[in-house]
Amino acid sequence: MIQHKLSIPNLKKEDERKISEALHDVWGVRNVKMNTQTNEAIISYDEDAGSLQDFQQAVIDMGYEANTNEEEI
């Protein structure tokens with residue numbers, strides 16, 4: 001299992017739940033931590049099942065901007 005950060009500009013507290021749910025729907029996700037102060041989601045996932053691009057697309061499909069950081073944390 002690995003972790004990556006996904007930057008979500010203009011993330012608001014009221015958006016946390018629905019974005020978190022969308023990320024949990026992606027295959028392989030184990031945990032999602034949302035942080036509105038840093039506008040980030042930290043995603044723990046099974047790298048054999050999901051990818052950072054899958055998570056980015058899930059957020060974009062919800063109507064938000066999402067920027068990836070390829071660095072593993």
# chains A, B, ... in the order shown; residues from 1 in each chain; ligands from 1

call {"tool": "residues_around", "arguments": {"residues": "A:Trp27", "least_positions_apart": "2", "cutoff": "10 Å", "atoms": "only C-alpha atoms", "output": "MDAnalysis selection string"}}
result
chainID A and resid 23:25 29:30 45:51 54:55

call {"tool": "write_last_selection", "arguments": {"atoms": "all heavy atoms", "output": "mmCIF file, in the first residue's frame"}}
result
data_model
loop_
_atom_site.group_PDB
_atom_site.id
_atom_site.type_symbol
_atom_site.label_atom_id
_atom_site.label_comp_id
_atom_site.auth_asym_id
_atom_site.auth_seq_id
_atom_site.Cartn_x
_atom_site.Cartn_y
_atom_site.Cartn_z
ATOM 1 N N LEU A 23 -13.606 9.375 -4.081
ATOM 2 C CA LEU A 23 -12.294 8.742 -4.060
ATOM 3 C C LEU A 23 -12.368 7.325 -3.505
ATOM 4 O O LEU A 23 -11.699 6.419 -3.998
ATOM 5 C CB LEU A 23 -11.304 9.582 -3.248
ATOM 6 C CG LEU A 23 -10.894 10.903 -3.905
ATOM 7 C CD1 LEU A 23 -10.136 11.780 -2.927
ATOM 8 C CD2 LEU A 23 -10.067 10.641 -5.154
ATOM 9 N N HIS A 24 -13.217 7.118 -2.496
ATOM 10 C CA HIS A 24 -13.388 5.771 -1.941
ATOM 11 C C HIS A 24 -14.014 4.816 -2.957
ATOM 12 O O HIS A 24 -13.848 3.599 -2.838
ATOM 13 C CB HIS A 24 -14.228 5.810 -0.659
ATOM 14 C CG HIS A 24 -13.420 6.062 0.568
ATOM 15 N ND1 HIS A 24 -13.306 7.312 1.129
ATOM 16 C CD2 HIS A 24 -12.669 5.232 1.325
ATOM 17 C CE1 HIS A 24 -12.530 7.225 2.188
ATOM 18 N NE2 HIS A 24 -12.126 5.982 2.328
ATOM 19 N N ASP A 25 -14.726 5.334 -3.931
ATOM 20 C CA ASP A 25 -15.342 4.498 -4.959
ATOM 21 C C ASP A 25 -14.332 3.954 -5.974
ATOM 22 O O ASP A 25 -14.641 3.038 -6.725
ATOM 23 C CB ASP A 25 -16.440 5.265 -5.708
ATOM 24 C CG ASP A 25 -17.702 5.422 -4.877
ATOM 25 O OD1 ASP A 25 -17.865 4.690 -3.873
ATOM 26 O OD2 ASP A 25 -18.539 6.282 -5.227
ATOM 27 N N VAL A 29 -8.652 1.844 -3.153
ATOM 28 C CA VAL A 29 -8.494 2.855 -2.110
ATOM 29 C C VAL A 29 -8.703 2.224 -0.738
ATOM 30 O O VAL A 29 -9.671 1.504 -0.518
ATOM 31 C CB VAL A 29 -9.475 4.031 -2.307
ATOM 32 C CG1 VAL A 29 -9.449 4.971 -1.114
ATOM 33 C CG2 VAL A 29 -9.139 4.785 -3.565
ATOM 34 N N ARG A 30 -7.770 2.503 0.162
ATOM 35 C CA ARG A 30 -7.874 2.006 1.541
ATOM 36 C C ARG A 30 -8.293 3.112 2.500
ATOM 37 O O ARG A 30 -9.037 2.887 3.427
ATOM 38 C CB ARG A 30 -6.542 1.413 1.999
ATOM 39 C CG ARG A 30 -6.063 0.264 1.156
ATOM 40 C CD ARG A 30 -6.947 -0.962 1.351
ATOM 41 N NE ARG A 30 -6.431 -2.078 0.592
ATOM 42 C CZ ARG A 30 -7.040 -2.628 -0.449
ATOM 43 N NH1 ARG A 30 -8.185 -2.162 -0.864
ATOM 44 N NH2 ARG A 30 -6.504 -3.637 -1.090
ATOM 45 N N TYR A 45 -3.568 3.635 -0.959
ATOM 46 C CA TYR A 45 -4.191 2.694 -1.885
ATOM 47 C C TYR A 45 -3.253 1.560 -2.281
ATOM 48 O O TYR A 45 -2.041 1.635 -2.096
ATOM 49 C CB TYR A 45 -4.688 3.423 -3.136
ATOM 50 C CG TYR A 45 -3.597 4.038 -3.987
ATOM 51 C CD1 TYR A 45 -3.135 3.386 -5.128
ATOM 52 C CD2 TYR A 45 -3.045 5.261 -3.668
ATOM 53 C CE1 TYR A 45 -2.147 3.955 -5.924
ATOM 54 C CE2 TYR A 45 -2.053 5.835 -4.452
ATOM 55 C CZ TYR A 45 -1.610 5.169 -5.580
ATOM 56 O OH TYR A 45 -0.629 5.725 -6.351
ATOM 57 N N ASP A 46 -3.855 0.532 -2.826
ATOM 58 C CA ASP A 46 -3.123 -0.618 -3.351
ATOM 59 C C ASP A 46 -2.709 -0.269 -4.776
ATOM 60 O O ASP A 46 -3.562 -0.128 -5.655
ATOM 61 C CB ASP A 46 -4.028 -1.848 -3.327
ATOM 62 C CG ASP A 46 -3.380 -3.081 -3.912
ATOM 63 O OD1 ASP A 46 -2.263 -2.996 -4.451
ATOM 64 O OD2 ASP A 46 -4.015 -4.143 -3.835
ATOM 65 N N GLU A 47 -1.413 -0.121 -4.997
ATOM 66 C CA GLU A 47 -0.918 0.312 -6.314
ATOM 67 C C GLU A 47 -1.189 -0.700 -7.420
ATOM 68 O O GLU A 47 -1.112 -0.360 -8.599
ATOM 69 C CB GLU A 47 0.566 0.673 -6.263
ATOM 70 C CG GLU A 47 1.479 -0.469 -5.947
ATOM 71 C CD GLU A 47 1.728 -0.700 -4.457
ATOM 72 O OE1 GLU A 47 0.936 -0.265 -3.617
ATOM 73 O OE2 GLU A 47 2.738 -1.344 -4.139
ATOM 74 N N ASP A 48 -1.524 -1.928 -7.067
ATOM 75 C CA ASP A 48 -1.867 -2.930 -8.081
ATOM 76 C C ASP A 48 -3.319 -2.805 -8.535
ATOM 77 O O ASP A 48 -3.712 -3.417 -9.526
ATOM 78 C CB ASP A 48 -1.625 -4.344 -7.547
ATOM 79 C CG ASP A 48 -0.146 -4.625 -7.317
ATOM 80 O OD1 ASP A 48 0.691 -4.054 -8.056
ATOM 81 O OD2 ASP A 48 0.169 -5.389 -6.389
ATOM 82 N N ALA A 49 -4.114 -2.020 -7.805
ATOM 83 C CA ALA A 49 -5.535 -1.911 -8.127
ATOM 84 C C ALA A 49 -5.926 -0.531 -8.666
ATOM 85 O O ALA A 49 -6.794 -0.425 -9.523
ATOM 86 C CB ALA A 49 -6.383 -2.233 -6.891
ATOM 87 N N GLY A 50 -5.322 0.535 -8.169
ATOM 88 C CA GLY A 50 -5.684 1.883 -8.590
ATOM 89 C C GLY A 50 -4.447 2.688 -8.918
ATOM 90 O O GLY A 50 -3.329 2.274 -8.638
ATOM 91 N N SER A 51 -4.673 3.856 -9.517
ATOM 92 C CA SER A 51 -3.544 4.728 -9.852
ATOM 93 C C SER A 51 -3.885 6.168 -9.507
ATOM 94 O O SER A 51 -5.054 6.525 -9.345
ATOM 95 C CB SER A 51 -3.204 4.627 -11.338
ATOM 96 O OG SER A 51 -4.187 5.276 -12.114
ATOM 97 N N ASP A 54 -6.382 7.665 -11.741
ATOM 98 C CA ASP A 54 -7.765 7.278 -11.451
ATOM 99 C C ASP A 54 -8.382 8.220 -10.422
ATOM 100 O O ASP A 54 -9.540 8.623 -10.538
ATOM 101 C CB ASP A 54 -7.838 5.839 -10.910
ATOM 102 C CG ASP A 54 -7.422 4.794 -11.924
ATOM 103 O OD1 ASP A 54 -7.560 5.039 -13.141
ATOM 104 O OD2 ASP A 54 -6.941 3.728 -11.486
ATOM 105 N N PHE A 55 -7.602 8.567 -9.393
ATOM 106 C CA PHE A 55 -8.107 9.452 -8.340
ATOM 107 C C PHE A 55 -8.305 10.864 -8.869
ATOM 108 O O PHE A 55 -9.295 11.518 -8.559
ATOM 109 C CB PHE A 55 -7.142 9.467 -7.152
ATOM 110 C CG PHE A 55 -6.787 8.091 -6.684
ATOM 111 C CD1 PHE A 55 -5.475 7.731 -6.499
ATOM 112 C CD2 PHE A 55 -7.764 7.140 -6.456
ATOM 113 C CE1 PHE A 55 -5.138 6.458 -6.077
ATOM 114 C CE2 PHE A 55 -7.441 5.864 -6.034
ATOM 115 C CZ PHE A 55 -6.126 5.523 -5.846
#

call {"tool": "select_by_dssp", "arguments": {"residues": "chain A", "states": "alpha helix (DSSP H)", "output": "PyMOL selection string"}}
result
chain A and resi 16-24+52-61

call {"tool": "write_last_selection", "arguments": {"atoms": "C-alpha atoms", "output": "PDB file, in the first residue's frame"}}
result
ATOM      1  CA  GLU A  16     -14.932  17.139   1.770  1.00  0.00           C
ATOM      2  CA  ARG A  17     -17.524  14.405   2.186  1.00  0.00           C
ATOM      3  CA  LYS A  18     -18.604  14.071  -1.432  1.00  0.00           C
ATOM      4  CA  ILE A  19     -15.026  14.170  -2.758  1.00  0.00           C
ATOM      5  CA  SER A  20     -13.938  11.632  -0.153  1.00  0.00           C
ATOM      6  CA  GLU A  21     -16.817   9.346  -1.157  1.00  0.00           C
ATOM      7  CA  ALA A  22     -15.897   9.653  -4.846  1.00  0.00           C
ATOM      8  CA  LEU A  23     -12.294   8.742  -4.060  1.00  0.00           C
ATOM      9  CA  HIS A  24     -13.388   5.771  -1.941  1.00  0.00           C
ATOM     10  CA  LEU A  52      -3.041   8.379  -9.106  1.00  0.00           C
ATOM     11  CA  GLN A  53      -4.627   9.225 -12.464  1.00  0.00           C
ATOM     12  CA  ASP A  54      -7.765   7.278 -11.451  1.00  0.00           C
ATOM     13  CA  PHE A  55      -8.107   9.452  -8.340  1.00  0.00           C
ATOM     14  CA  GLN A  56      -7.485  12.634 -10.287  1.00  0.00           C
ATOM     15  CA  GLN A  57     -10.179  11.664 -12.787  1.00  0.00           C
ATOM     16  CA  ALA A  58     -12.671  10.862  -9.994  1.00  0.00           C
ATOM     17  CA  VAL A  59     -12.235  14.390  -8.594  1.00  0.00           C
ATOM     18  CA  ILE A  60     -12.437  15.993 -12.055  1.00  0.00           C
ATOM     19  CA  ASP A  61     -15.624  14.024 -12.745  1.00  0.00           C
TER      20      ASP A  61
END

call {"tool": "atom_distance", "arguments": {"atom1": "atom CA of A:Glu14", "atom2": "atom CA of A:Met1"}}
result
28.5 Å

call {"tool": "residues_around", "arguments": {"residues": "A:Leu6", "least_positions_apart": "4", "cutoff": "7 Å", "atoms": "only C-alpha atoms", "output": "ChimeraX atom specification"}}
result
/A:40-42,66-69

call {"tool": "select_by_dssp", "arguments": {"residues": "chain A", "states": "strand (DSSP E or B)", "output": "list in words"}}
result
Ile2, Gln3, His4, Lys5, Leu6, Ser7, Val29, Arg30, Asn31, Val32, Lys33, Met34, Asn35, Glu40, Ala41, Ile42, Ile43, Ser44, Tyr45, Asn67, Thr68, Asn69, Glu70, Glu71 and Glu72 of chain A

call {"tool": "residues_around", "arguments": {"residues": "A:Thr38", "least_positions_apart": "5", "cutoff": "10 Å", "atoms": "only C-alpha atoms", "output": "ChimeraX atom specification"}}
result
/A:7-11

call {"tool": "atom_distance", "arguments": {"atom1": "atom CA of A:Lys13", "atom2": "atom CA of A:Lys33"}}
result
12.5 Å

call {"tool": "closest_residue", "arguments": {"among": "A:Val26, A:Met62, A:Val32, A:Ile43", "to": "A:Lys5", "atoms": "only C-alpha atoms"}}
result
A:Ile43
